[in-house]
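Structure file entry_39.tsv (TSV, C-alpha atoms) follows.
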```
chain	number	residue	atom	x	y	z
X	1	MET	CA	36.61	5.64	2.56
X	2	ILE	CA	34.26	4.97	-0.36
X	3	THR	CA	30.84	4.05	1.00
X	4	CYS	CA	27.43	3.53	-0.55
X	5	THR	CA	26.46	6.91	0.91
X	6	THR	CA	29.33	8.85	-0.66
X	7	LEU	CA	28.77	7.21	-4.04
X	8	SER	CA	25.06	8.01	-3.94
X	9	ARG	CA	25.83	11.65	-3.19
X	10	GLU	CA	28.47	11.88	-5.90
X	11	LEU	CA	26.05	10.42	-8.44
X	12	THR	CA	23.35	12.90	-7.28
X	13	GLU	CA	20.87	10.10	-6.82
X	14	PRO	CA	17.47	11.64	-6.01
X	15	LEU	CA	15.97	11.16	-2.55
X	16	ALA	CA	12.38	11.52	-3.68
X	17	ALA	CA	10.23	8.40	-3.93
X	18	THR	CA	12.66	6.12	-2.07
X	19	ALA	CA	10.72	5.67	1.19
X	20	ALA	CA	9.80	2.19	2.37
X	21	THR	CA	6.08	1.64	1.86
X	22	ALA	CA	3.87	0.93	4.86
X	23	ALA	CA	0.35	1.97	5.75
X	24	THR	CA	1.03	1.15	9.40
X	25	TRP	CA	4.22	0.73	11.42
X	26	LEU	CA	4.62	-1.69	14.34
X	27	LEU	CA	7.65	-0.75	16.43
X	28	ILE	CA	8.85	-2.92	19.30
X	29	GLU	CA	11.42	-1.85	21.84
X	30	GLN	CA	14.30	-4.33	22.08
X	31	SER	CA	17.46	-3.30	23.88
X	32	GLY	CA	20.88	-4.80	23.32
X	33	PRO	CA	22.63	-5.53	20.01
X	34	TRP	CA	20.88	-6.15	16.71
X	35	GLY	CA	21.99	-8.45	13.92
X	36	ALA	CA	21.42	-7.81	10.23
X	37	LYS	CA	18.05	-9.58	10.52
X	38	ALA	CA	17.12	-8.01	13.82
X	39	LEU	CA	13.79	-9.78	14.34
X	40	THR	CA	15.63	-13.09	14.63
X	41	GLU	CA	19.10	-11.81	15.59
X	42	SER	CA	18.62	-9.88	18.82
X	43	HIS	CA	17.44	-10.48	22.37
X	44	LEU	CA	13.92	-10.77	20.96
X	45	ASP	CA	12.93	-14.44	20.90
X	46	ALA	CA	13.65	-15.60	17.36
X	47	GLU	CA	10.44	-17.65	17.09
X	48	VAL	CA	8.39	-14.65	18.18
X	49	GLY	CA	10.24	-12.48	15.68
X	50	ARG	CA	9.52	-14.88	12.84
X	51	ALA	CA	5.86	-15.16	13.85
X	52	LEU	CA	5.41	-11.39	14.01
X	53	ASP	CA	7.08	-10.93	10.64
X	54	ALA	CA	4.79	-13.57	9.11
X	55	ALA	CA	1.71	-12.01	10.71
X	56	CYS	CA	2.51	-8.65	9.09
X	57	ALA	CA	3.01	-10.05	5.58
X	58	GLY	CA	0.52	-8.70	3.08
X	59	THR	CA	-1.35	-6.54	5.61
X	60	GLY	CA	0.23	-3.15	4.99
X	61	VAL	CA	1.96	-3.33	8.37
X	62	ARG	CA	5.75	-2.98	8.51
X	63	ILE	CA	7.56	-4.15	11.64
X	64	ALA	CA	10.86	-2.96	13.12
X	65	LEU	CA	12.71	-2.96	16.42
X	66	ILE	CA	13.57	0.23	18.26
X	67	ARG	CA	15.80	1.15	21.20
X	68	HIS	CA	16.89	4.28	23.03
X	69	PRO	CA	19.97	6.08	21.65
X	70	GLY	CA	23.25	5.37	23.43
X	71	ARG	CA	25.55	2.47	24.17
X	72	HIS	CA	24.15	-0.98	23.47
X	73	ALA	CA	26.18	-3.54	25.33
X	74	ASP	CA	25.06	-7.17	25.30
X	75	CYS	CA	22.86	-6.53	28.32
X	76	LEU	CA	20.04	-8.61	29.77
X	77	PRO	CA	16.68	-8.55	27.99
X	78	ALA	CA	14.32	-5.73	28.94
X	79	VAL	CA	11.64	-6.48	31.52
X	80	ARG	CA	9.01	-4.53	29.56
X	81	HIS	CA	8.93	-3.48	25.93
X	82	GLU	CA	7.39	-0.30	24.55
X	83	ALA	CA	5.23	-1.08	21.53
X	84	ILE	CA	4.19	1.69	19.15
X	85	VAL	CA	1.64	1.28	16.37
X	86	ALA	CA	1.29	4.15	13.90
X	87	HIS	CA	-1.08	4.49	10.94
X	88	THR	CA	0.05	7.09	8.40
X	89	ALA	CA	-2.92	7.81	6.09
X	90	PRO	CA	-3.30	11.54	5.34
X	91	GLY	CA	-6.03	13.02	7.50
X	92	ARG	CA	-6.43	9.74	9.40
X	93	ALA	CA	-3.01	9.27	10.98
X	94	TRP	CA	-2.81	8.01	14.55
X	95	VAL	CA	-0.20	6.71	16.96
X	96	ARG	CA	-1.00	4.28	19.77
X	97	ARG	CA	1.37	2.78	22.31
X	98	ALA	CA	1.54	0.28	25.16
X	99	ALA	CA	4.13	-1.47	27.30
X	100	VAL	CA	4.11	-5.27	27.09
X	101	GLU	CA	5.96	-7.81	29.21
X	102	ASP	CA	6.31	-10.25	26.30
X	103	PRO	CA	6.31	-9.16	22.63
X	104	ALA	CA	4.48	-12.44	21.90
X	105	GLU	CA	1.39	-10.66	23.22
X	106	LEU	CA	1.42	-8.59	20.03
X	107	LEU	CA	0.59	-11.69	17.99
X	108	GLU	CA	-2.98	-11.25	19.24
X	109	LEU	CA	-3.34	-8.03	17.21
X	110	ASP	CA	-5.51	-7.96	14.10
X	111	PHE	CA	-2.81	-7.04	11.59
X	112	ALA	CA	-5.18	-6.70	8.64
X	113	ALA	CA	-7.26	-4.21	10.62
X	114	LEU	CA	-4.13	-2.29	11.66
X	115	GLY	CA	-3.07	-2.02	8.04
X	116	ALA	CA	-6.53	-0.68	7.18
X	117	GLY	CA	-6.28	1.98	9.87
X	118	GLU	CA	-8.31	0.36	12.66
X	119	HIS	CA	-6.37	0.18	15.93
X	120	GLY	CA	-9.00	-1.85	17.82
X	121	GLY	CA	-8.35	0.04	21.05
X	122	PHE	CA	-4.69	-0.98	21.28
X	123	GLY	CA	-2.89	0.78	24.12
X	124	GLU	CA	-3.31	4.50	24.60
X	125	ALA	CA	-3.15	7.39	22.15
X	126	HIS	CA	0.29	8.99	21.89
X	127	VAL	CA	0.35	12.47	23.37
X	128	GLY	CA	3.17	14.88	22.75
X	129	GLY	CA	5.30	15.89	19.82
X	130	PRO	CA	6.75	14.03	16.85
X	131	ILE	CA	8.49	10.68	17.21
X	132	ALA	CA	11.85	10.50	15.40
X	133	LEU	CA	13.14	7.08	14.31
X	134	VAL	CA	16.75	7.10	13.08
X	135	CYS	CA	18.16	4.06	11.30
X	136	THR	CA	21.34	2.94	13.13
X	137	ASN	CA	21.75	-0.79	12.47
X	138	GLY	CA	25.41	-1.14	11.49
X	139	ARG	CA	25.01	-4.88	11.03
X	140	ARG	CA	22.86	-4.14	7.98
X	141	ASP	CA	25.05	-1.31	6.72
X	142	ARG	CA	27.99	0.52	8.29
X	143	CYS	CA	26.72	3.90	7.02
X	144	CYS	CA	23.66	3.58	9.26
X	145	ALA	CA	25.88	3.19	12.33
X	146	LEU	CA	28.55	5.72	11.36
X	147	LEU	CA	26.06	8.41	10.37
X	148	GLY	CA	22.83	7.42	12.08
X	149	ARG	CA	23.95	6.86	15.65
X	150	PRO	CA	25.55	10.30	16.07
X	151	LEU	CA	22.42	11.92	14.64
X	152	ALA	CA	20.14	9.99	17.01
X	153	ALA	CA	22.35	10.95	19.96
X	154	GLU	CA	22.34	14.62	18.93
X	155	LEU	CA	18.57	14.74	18.57
X	156	ALA	CA	18.04	12.96	21.88
X	157	ALA	CA	20.38	15.39	23.64
X	158	ALA	CA	18.48	18.34	22.16
X	159	GLY	CA	15.35	17.12	23.94
X	160	HIS	CA	12.86	18.58	21.48
X	161	SER	CA	11.29	15.28	20.38
X	162	GLU	CA	11.03	11.63	21.35
X	163	VAL	CA	13.92	9.85	19.62
X	164	TRP	CA	14.53	6.16	18.98
X	165	GLU	CA	17.02	4.14	17.01
X	166	ILE	CA	15.36	1.77	14.52
X	167	THR	CA	16.57	-1.39	12.83
X	168	HIS	CA	15.74	-0.72	9.19
X	169	LEU	CA	14.17	1.98	7.02
X	170	GLY	CA	15.65	0.91	3.68
X	171	GLY	CA	17.91	3.06	1.55
X	172	HIS	CA	21.20	2.73	3.44
X	173	ARG	CA	22.87	4.82	0.76
X	174	PHE	CA	20.79	7.81	1.87
X	175	SER	CA	22.08	7.70	5.46
X	176	PRO	CA	21.46	9.17	7.86
X	177	THR	CA	17.79	8.33	7.36
X	178	MET	CA	14.89	9.12	9.65
X	179	LEU	CA	11.19	8.30	9.77
X	180	VAL	CA	8.97	10.79	11.58
X	181	LEU	CA	5.59	10.02	13.10
X	182	PRO	CA	2.69	10.68	13.03
X	183	TYR	CA	2.75	11.48	9.30
X	184	GLY	CA	5.15	8.75	8.20
X	185	TYR	CA	7.49	10.88	6.08
X	186	ALA	CA	10.97	9.45	5.63
X	187	TYR	CA	13.98	11.72	5.23
X	188	GLY	CA	17.57	11.18	4.12
X	189	ARG	CA	21.03	12.76	4.01
X	190	LEU	CA	20.22	14.66	7.15
X	191	THR	CA	22.49	16.89	9.19
X	192	GLY	CA	21.69	17.63	12.81
X	193	THR	CA	20.38	21.05	11.82
X	194	ALA	CA	18.24	19.66	9.01
X	195	ALA	CA	16.78	16.94	11.25
X	196	LYS	CA	15.80	19.51	13.87
X	197	GLU	CA	14.14	21.60	11.17
X	198	VAL	CA	12.21	18.51	10.05
X	199	LEU	CA	11.01	17.83	13.58
X	200	ALA	CA	9.99	21.45	14.13
X	201	ALA	CA	8.05	21.40	10.87
X	202	THR	CA	6.37	18.10	11.82
X	203	ALA	CA	5.31	19.54	15.16
X	204	ALA	CA	3.62	22.36	13.24
X	205	GLY	CA	1.83	19.95	10.89
X	206	HIS	CA	4.20	20.31	7.95
X	207	MET	CA	6.86	18.36	6.07
X	208	LEU	CA	10.05	19.53	4.36
X	209	PRO	CA	10.45	18.48	0.69
X	210	GLU	CA	14.20	19.19	0.56
X	211	TRP	CA	15.19	16.06	2.48
X	212	SER	CA	12.01	14.04	1.95
X	213	ARG	CA	12.18	10.49	0.65
X	214	GLY	CA	8.39	10.28	0.60
X	215	ARG	CA	5.39	9.45	2.75
X	216	SER	CA	5.44	5.76	3.53
X	217	TYR	CA	1.67	5.47	3.08
X	218	TRP	CA	2.05	5.87	-0.71
X	219	ASP	CA	3.72	3.47	-3.10
X	220	ARG	CA	6.83	4.80	-4.81
X	221	PRO	CA	5.08	6.20	-7.93
X	222	GLY	CA	2.61	7.93	-5.61
X	223	GLN	CA	5.48	9.34	-3.56
X	224	ALA	CA	7.03	10.74	-6.75
X	225	ALA	CA	3.78	12.37	-7.87
X	226	GLU	CA	3.11	13.92	-4.47
X	227	HIS	CA	6.66	15.26	-4.31
X	228	ALA	CA	6.37	16.81	-7.75
X	229	VAL	CA	3.18	18.64	-6.78
X	230	ARG	CA	4.81	19.91	-3.60
X	231	LEU	CA	7.74	21.29	-5.58
X	232	LEU	CA	5.35	22.88	-8.09
X	233	THR	CA	3.07	24.51	-5.54
X	234	GLY	CA	5.33	25.02	-2.53
X	235	GLU	CA	2.75	23.17	-0.39
X	236	THR	CA	4.24	21.76	2.83
X	237	SER	CA	1.15	21.01	4.93
X	238	ALA	CA	1.55	17.32	5.73
X	239	ASP	CA	-2.06	16.36	5.13
X	240	ALA	CA	-2.87	18.73	2.24
X	241	LEU	CA	-2.33	16.18	-0.53
X	242	ALA	CA	-3.87	12.80	-1.30
X	243	VAL	CA	-2.84	10.38	-4.02
X	244	GLY	CA	-4.96	8.02	-6.10
X	245	ARG	CA	-5.05	6.24	-9.45
X	246	ALA	CA	-6.70	7.61	-12.57
X	247	GLY	CA	-6.28	4.89	-15.17
X	248	ASP	CA	-2.58	4.64	-16.00
X	249	ALA	CA	-1.88	8.03	-14.42
X	250	ILE	CA	-1.62	9.14	-10.81
X	251	GLU	CA	-4.02	11.76	-9.51
X	252	VAL	CA	-2.88	14.11	-6.75
X	253	ARG	CA	-5.66	15.95	-4.95
X	254	HIS	CA	-5.27	19.05	-2.80
X	255	SER	CA	-7.60	19.63	0.12
X	256	ASP	CA	-8.61	22.94	-1.51
X	257	GLY	CA	-10.01	21.10	-4.53
X	258	ARG	CA	-7.13	21.41	-6.99
X	259	ARG	CA	-6.07	18.26	-8.84
X	260	TRP	CA	-3.15	17.14	-10.96
X	261	LEU	CA	-2.45	14.17	-13.20
X	262	ALA	CA	1.07	12.76	-13.11
X	263	GLU	CA	2.80	10.19	-15.27
X	264	VAL	CA	5.70	8.45	-13.53
X	265	ALA	CA	8.20	6.07	-15.10
X	266	GLU	CA	10.32	3.56	-13.20
X	267	ARG	CA	13.85	3.52	-14.59
X	268	ALA	CA	17.21	2.06	-13.64
X	269	SER	CA	19.80	4.30	-12.05
X	270	GLU	CA	22.98	4.56	-14.08
X	271	PRO	CA	25.88	4.04	-13.69
X	272	ALA	CA	25.80	1.01	-11.40
X	273	ARG	CA	26.39	1.62	-7.71
X	274	PRO	CA	26.09	-0.52	-4.56
X	275	GLU	CA	22.75	-0.14	-2.79
X	276	SER	CA	24.52	-1.00	0.45
X	277	CYS	CA	28.13	-1.20	1.60
X	278	GLY	CA	29.63	-4.57	0.76
X	279	LYS	CA	27.11	-5.38	-1.97
X	280	ALA	CA	27.98	-5.69	-5.63
X	281	PRO	CA	27.13	-2.66	-7.77
X	282	GLY	CA	23.62	-2.63	-9.15
X	283	THR	CA	21.15	-0.31	-10.84
X	284	PRO	CA	18.46	0.47	-8.26
X	285	SER	CA	15.15	1.66	-9.63
X	286	ARG	CA	14.22	5.32	-9.55
X	287	MET	CA	10.92	7.10	-10.16
X	288	ASP	CA	11.12	9.79	-12.85
X	289	MET	CA	8.38	12.29	-13.61
X	290	VAL	CA	7.32	12.09	-17.25
X	291	SER	CA	4.56	14.69	-17.10
X	292	LEU	CA	2.52	16.68	-14.59
X	293	ARG	CA	-0.51	18.78	-15.46
X	294	GLU	CA	-3.20	20.46	-13.44
X	295	ILE	CA	-6.77	19.35	-14.13
X	296	PRO	CA	-9.02	22.35	-14.84
X	297	PRO	CA	-11.78	22.72	-12.24
X	298	GLN	CA	-15.22	21.55	-13.25
X	299	ARG	CA	-17.75	24.31	-13.84
```
Write-out of the structure in structure tokens:
Amino acid sequence: MITCTTLSRELTEPLAATAATAATWLLIEQSGPWGAKALTESHLDAEVGRALDAACAGTGVRIALIRHPGRHADCLPAVRHEAIVAHTAPGRAWVRRAAVEDPAELLELDFAALGAGEHGGFGEAHVGGPIALVCTNGRRDRCCALLGRPLAAELAAAGHSEVWEITHLGGHRFSPTMLVLPYGYAYGRLTGTAAKEVLAATAAGHMLPEWSRGRSYWDRPGQAAEHAVRLLTGETSADALAVGRAGDAIEVRHSDGRRWLAEVAERASEPARPESCGKAPGTPSRMDMVSLREIPPQR
């Protein structure tokens, strides 16, 4: 079977700098089946889904549905819904959670404040280890179901971390994909062993560059620059690096005071390949490093 995932692997498409961008994630538990557009094609009230999606627009908040791994028959709607809000800024990451009877209650949140990193006292602080979110929505792409659901089930059975299925992380062709909180790093092309290594590293305050698609807090050029510095230095501490703009270049700052300037170019991936199963071949953009140099320390 030729899938978007196998083609991406065969074409050695890079994982780096492909993570969906979001300063803050809003995750809402919704059991039962999901359609391709899960916010309006699930047991979640479609009007509420549309309103929540509109409320997030332009705020830096990205919304998705989550559910526990396992069978998902067309069951009755859940009585209560777990809601998780996670801000992913380096050094200022937090995860808050609450159970709500009606997801419409979440429309009362200040989404602009959430995107800026202010939780406003929502729920309670998450205590415990990393939260793993594995993309499994086969209605968006069959690779997510074929590869993602077994991974989610394996991780849940291992019992080392809290595991959820999630509706959409982008990048179906990198399946199985996983977002890990609290740091907001996305990973792709994971095996069960690799995913467990990622979760162990996250629990210790680190990330693993080998399978990283990037930290969702940064835009894609920023993800590329951060990744390049990690490869150069071997730095894996999740919060060691910060990214900013320096004119047309990207500045990467280490917590120890070191700095680098990176030039990143957005280019089309060749040859054409489908970004998702069933779609016509296209040339998705990729972020290529043009240059990277360390800035001498000021004396």
Could you check the closest approach to Gln223 of chain X for each of X:Gly58, X:Gly138, X:Gly244, X:Pro296 and tell me which residue wins, using only C-alpha atoms? X:Gly244
How close does segment 5-64 of chain X get to segment 148-172 of chain X? List, as a Markdown table, each residue of segment 5-64 of chain X within 10 Å, its nearest atom pair and the distance in Å to one decimal, counting all atoms listed in the file.
```
| residue | atom | partner | partner_atom | distance |
| --- | --- | --- | --- | --- |
| X:Thr5 | CA | X:His172 | CA | 7.2 |
| X:Ser8 | CA | X:His172 | CA | 9.9 |
| X:Leu15 | CA | X:Gly171 | CA | 9.3 |
| X:Thr18 | CA | X:Gly171 | CA | 7.1 |
| X:Ala19 | CA | X:Gly170 | CA | 7.3 |
| X:Ala20 | CA | X:Gly170 | CA | 6.1 |
| X:Thr21 | CA | X:Leu169 | CA | 9.6 |
| X:Leu27 | CA | X:Ile166 | CA | 8.3 |
| X:Ile28 | CA | X:Ile166 | CA | 9.3 |
| X:Glu29 | CA | X:Trp164 | CA | 9.1 |
| X:Gln30 | CA | X:Ile166 | CA | 9.8 |
| X:Trp34 | CA | X:Thr167 | CA | 7.5 |
| X:Gly35 | CA | X:Thr167 | CA | 9.0 |
| X:Ala36 | CA | X:Thr167 | CA | 8.5 |
| X:Lys37 | CA | X:Thr167 | CA | 8.6 |
| X:Ala38 | CA | X:Thr167 | CA | 6.7 |
| X:Leu39 | CA | X:Thr167 | CA | 9.0 |
| X:Arg62 | CA | X:Leu169 | CA | 9.9 |
| X:Ile63 | CA | X:His168 | CA | 9.2 |
| X:Ala64 | CA | X:Thr167 | CA | 5.9 |
```
Residue among X:Arg213, X:Arg259, X:Arg245, X:Arg220 lying closest to Met178 of chain X, counting only C-alpha atoms: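 Result for the nearest residue to Met178 of chain X: X:Arg213.
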Identify, on the basis of all atoms listed in the file, every residue whose closest approach to Cys56 of chain X does not exceed 10 Å; exclude the query and any residue fewer than 4 positions from it along the same chain; express the result as a list of chain:residue names. X:Thr24, X:Trp25, X:Leu26, X:Ala51, X:Leu52, X:Gly60, X:Val61, X:Arg62, X:Ile63, X:Leu107, X:Asp110, X:Phe111, X:Ala112, X:Leu114, X:Gly115
Å distance separating atom CA of Leu199 of chain X from atom CA of Arg97 of chain X, one decimal place: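 Those two atoms sit 19.9 Å apart.
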When you draw a straight line from atom CA of Ser285 of chain X to atom CA of Ala54 of chain X, how long is it in Å?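 Those two atoms sit 26.3 Å apart.
Every protein, DNA or RNA residue with an atom at most 9 Å from Ala99 of chain X, where all atoms listed in the file count and chain neighbours fewer than 2 positions away do not, is listed here: Arg80, His81, Glu82, Ala83, Ile84, Arg97, Glu101 and Gly123 of chain X.
When all atoms listed in the file are used to compute distances to Arg253 of chain X, the closest of the residues X:Asp288, X:Glu294, X:Glu266, X:Asp141 turns out to be X:Glu294.
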For segment 263-290 of chain X in the structure I just supplied, write out N, CA, C and O atoms - as a PDB file, in the first residue's frame.
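And here's selection.pdb as it stands now:
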```
ATOM      1  N   GLU X 263      19.880  31.966   9.431  1.00  0.00           N
ATOM      2  CA  GLU X 263      19.115  32.376   8.264  1.00  0.00           C
ATOM      3  C   GLU X 263      18.398  31.144   7.741  1.00  0.00           C
ATOM      4  O   GLU X 263      19.033  30.116   7.469  1.00  0.00           O
ATOM      5  N   VAL X 264      17.087  31.237   7.621  1.00  0.00           N
ATOM      6  CA  VAL X 264      16.255  30.105   7.214  1.00  0.00           C
ATOM      7  C   VAL X 264      15.500  30.476   5.948  1.00  0.00           C
ATOM      8  O   VAL X 264      14.941  31.576   5.846  1.00  0.00           O
ATOM      9  N   ALA X 265      15.471  29.571   5.002  1.00  0.00           N
ATOM     10  CA  ALA X 265      14.743  29.794   3.747  1.00  0.00           C
ATOM     11  C   ALA X 265      13.604  28.797   3.629  1.00  0.00           C
ATOM     12  O   ALA X 265      13.774  27.603   3.895  1.00  0.00           O
ATOM     13  N   GLU X 266      12.442  29.295   3.242  1.00  0.00           N
ATOM     14  CA  GLU X 266      11.292  28.421   2.983  1.00  0.00           C
ATOM     15  C   GLU X 266      11.326  28.009   1.518  1.00  0.00           C
ATOM     16  O   GLU X 266      11.330  28.861   0.624  1.00  0.00           O
ATOM     17  N   ARG X 267      11.345  26.705   1.272  1.00  0.00           N
ATOM     18  CA  ARG X 267      11.426  26.192  -0.086  1.00  0.00           C
ATOM     19  C   ARG X 267      10.387  25.107  -0.291  1.00  0.00           C
ATOM     20  O   ARG X 267       9.861  24.537   0.667  1.00  0.00           O
ATOM     21  N   ALA X 268      10.109  24.810  -1.542  1.00  0.00           N
ATOM     22  CA  ALA X 268       9.149  23.754  -1.880  1.00  0.00           C
ATOM     23  C   ALA X 268       9.846  22.403  -1.889  1.00  0.00           C
ATOM     24  O   ALA X 268      10.987  22.282  -2.339  1.00  0.00           O
ATOM     25  N   SER X 269       9.159  21.406  -1.387  1.00  0.00           N
ATOM     26  CA  SER X 269       9.690  20.045  -1.396  1.00  0.00           C
ATOM     27  C   SER X 269       9.488  19.436  -2.781  1.00  0.00           C
ATOM     28  O   SER X 269       8.383  19.454  -3.309  1.00  0.00           O
ATOM     29  N   GLU X 270      10.537  18.908  -3.320  1.00  0.00           N
ATOM     30  CA  GLU X 270      10.485  18.242  -4.624  1.00  0.00           C
ATOM     31  C   GLU X 270      11.034  16.822  -4.482  1.00  0.00           C
ATOM     32  O   GLU X 270      11.928  16.580  -3.676  1.00  0.00           O
ATOM     33  N   PRO X 271      10.474  15.867  -5.264  1.00  0.00           N
ATOM     34  CA  PRO X 271       9.359  15.990  -6.202  1.00  0.00           C
ATOM     35  C   PRO X 271       8.029  16.088  -5.456  1.00  0.00           C
ATOM     36  O   PRO X 271       7.971  15.949  -4.235  1.00  0.00           O
ATOM     37  N   ALA X 272       6.959  16.314  -6.204  1.00  0.00           N
ATOM     38  CA  ALA X 272       5.638  16.436  -5.605  1.00  0.00           C
ATOM     39  C   ALA X 272       5.252  15.140  -4.900  1.00  0.00           C
ATOM     40  O   ALA X 272       5.581  14.049  -5.350  1.00  0.00           O
ATOM     41  N   ARG X 273       4.544  15.309  -3.789  1.00  0.00           N
ATOM     42  CA  ARG X 273       4.025  14.167  -3.035  1.00  0.00           C
ATOM     43  C   ARG X 273       2.742  14.599  -2.327  1.00  0.00           C
ATOM     44  O   ARG X 273       2.561  15.793  -2.048  1.00  0.00           O
ATOM     45  N   PRO X 274       1.824  13.663  -2.056  1.00  0.00           N
ATOM     46  CA  PRO X 274       0.591  14.040  -1.357  1.00  0.00           C
ATOM     47  C   PRO X 274       0.875  14.361   0.108  1.00  0.00           C
ATOM     48  O   PRO X 274       1.612  13.632   0.776  1.00  0.00           O
ATOM     49  N   GLU X 275       0.324  15.461   0.590  1.00  0.00           N
ATOM     50  CA  GLU X 275       0.489  15.805   2.003  1.00  0.00           C
ATOM     51  C   GLU X 275      -0.394  14.945   2.888  1.00  0.00           C
ATOM     52  O   GLU X 275      -0.186  14.875   4.104  1.00  0.00           O
ATOM     53  N   SER X 276      -1.372  14.294   2.286  1.00  0.00           N
ATOM     54  CA  SER X 276      -2.282  13.426   3.022  1.00  0.00           C
ATOM     55  C   SER X 276      -2.816  12.388   2.052  1.00  0.00           C
ATOM     56  O   SER X 276      -2.905  12.638   0.845  1.00  0.00           O
ATOM     57  N   CYS X 277      -3.141  11.218   2.557  1.00  0.00           N
ATOM     58  CA  CYS X 277      -3.672  10.159   1.697  1.00  0.00           C
ATOM     59  C   CYS X 277      -4.953  10.627   1.016  1.00  0.00           C
ATOM     60  O   CYS X 277      -5.837  11.197   1.656  1.00  0.00           O
ATOM     61  N   GLY X 278      -5.040  10.393  -0.274  1.00  0.00           N
ATOM     62  CA  GLY X 278      -6.224  10.783  -1.025  1.00  0.00           C
ATOM     63  C   GLY X 278      -6.130  12.156  -1.649  1.00  0.00           C
ATOM     64  O   GLY X 278      -6.950  12.499  -2.504  1.00  0.00           O
ATOM     65  N   LYS X 279      -5.146  12.964  -1.256  1.00  0.00           N
ATOM     66  CA  LYS X 279      -4.982  14.283  -1.844  1.00  0.00           C
ATOM     67  C   LYS X 279      -4.076  14.205  -3.066  1.00  0.00           C
ATOM     68  O   LYS X 279      -3.238  13.322  -3.179  1.00  0.00           O
ATOM     69  N   ALA X 280      -4.235  15.158  -3.955  1.00  0.00           N
ATOM     70  CA  ALA X 280      -3.376  15.228  -5.129  1.00  0.00           C
ATOM     71  C   ALA X 280      -1.959  15.587  -4.697  1.00  0.00           C
ATOM     72  O   ALA X 280      -1.759  16.290  -3.700  1.00  0.00           O
ATOM     73  N   PRO X 281      -0.955  15.126  -5.427  1.00  0.00           N
ATOM     74  CA  PRO X 281       0.422  15.469  -5.083  1.00  0.00           C
ATOM     75  C   PRO X 281       0.638  16.978  -5.091  1.00  0.00           C
ATOM     76  O   PRO X 281       0.085  17.705  -5.911  1.00  0.00           O
ATOM     77  N   GLY X 282       1.446  17.428  -4.140  1.00  0.00           N
ATOM     78  CA  GLY X 282       1.784  18.835  -4.050  1.00  0.00           C
ATOM     79  C   GLY X 282       3.228  18.994  -3.600  1.00  0.00           C
ATOM     80  O   GLY X 282       3.952  18.005  -3.434  1.00  0.00           O
ATOM     81  N   THR X 283       3.649  20.219  -3.423  1.00  0.00           N
ATOM     82  CA  THR X 283       5.022  20.492  -2.992  1.00  0.00           C
ATOM     83  C   THR X 283       4.973  21.252  -1.667  1.00  0.00           C
ATOM     84  O   THR X 283       5.079  22.482  -1.645  1.00  0.00           O
ATOM     85  N   PRO X 284       4.788  20.544  -0.563  1.00  0.00           N
ATOM     86  CA  PRO X 284       4.701  21.224   0.732  1.00  0.00           C
ATOM     87  C   PRO X 284       5.979  21.999   1.040  1.00  0.00           C
ATOM     88  O   PRO X 284       7.072  21.623   0.626  1.00  0.00           O
ATOM     89  N   SER X 285       5.813  23.094   1.771  1.00  0.00           N
ATOM     90  CA  SER X 285       6.980  23.916   2.088  1.00  0.00           C
ATOM     91  C   SER X 285       7.853  23.229   3.128  1.00  0.00           C
ATOM     92  O   SER X 285       7.366  22.460   3.963  1.00  0.00           O
ATOM     93  N   ARG X 286       9.142  23.516   3.053  1.00  0.00           N
ATOM     94  CA  ARG X 286      10.096  23.019   4.025  1.00  0.00           C
ATOM     95  C   ARG X 286      10.989  24.175   4.434  1.00  0.00           C
ATOM     96  O   ARG X 286      11.156  25.136   3.683  1.00  0.00           O
ATOM     97  N   MET X 287      11.562  24.081   5.627  1.00  0.00           N
ATOM     98  CA  MET X 287      12.434  25.131   6.140  1.00  0.00           C
ATOM     99  C   MET X 287      13.874  24.641   6.068  1.00  0.00           C
ATOM    100  O   MET X 287      14.231  23.656   6.735  1.00  0.00           O
ATOM    101  N   ASP X 288      14.676  25.295   5.235  1.00  0.00           N
ATOM    102  CA  ASP X 288      16.076  24.910   5.063  1.00  0.00           C
ATOM    103  C   ASP X 288      16.989  25.935   5.715  1.00  0.00           C
ATOM    104  O   ASP X 288      16.792  27.153   5.575  1.00  0.00           O
ATOM    105  N   MET X 289      18.006  25.429   6.432  1.00  0.00           N
ATOM    106  CA  MET X 289      19.003  26.312   7.017  1.00  0.00           C
ATOM    107  C   MET X 289      19.944  26.817   5.934  1.00  0.00           C
ATOM    108  O   MET X 289      20.542  26.038   5.192  1.00  0.00           O
ATOM    109  N   VAL X 290      20.079  28.141   5.846  1.00  0.00           N
ATOM    110  CA  VAL X 290      21.010  28.758   4.906  1.00  0.00           C
ATOM    111  C   VAL X 290      22.347  29.016   5.591  1.00  0.00           C
ATOM    112  O   VAL X 290      23.414  28.752   5.039  1.00  0.00           O
TER     113      VAL X 290
END
```
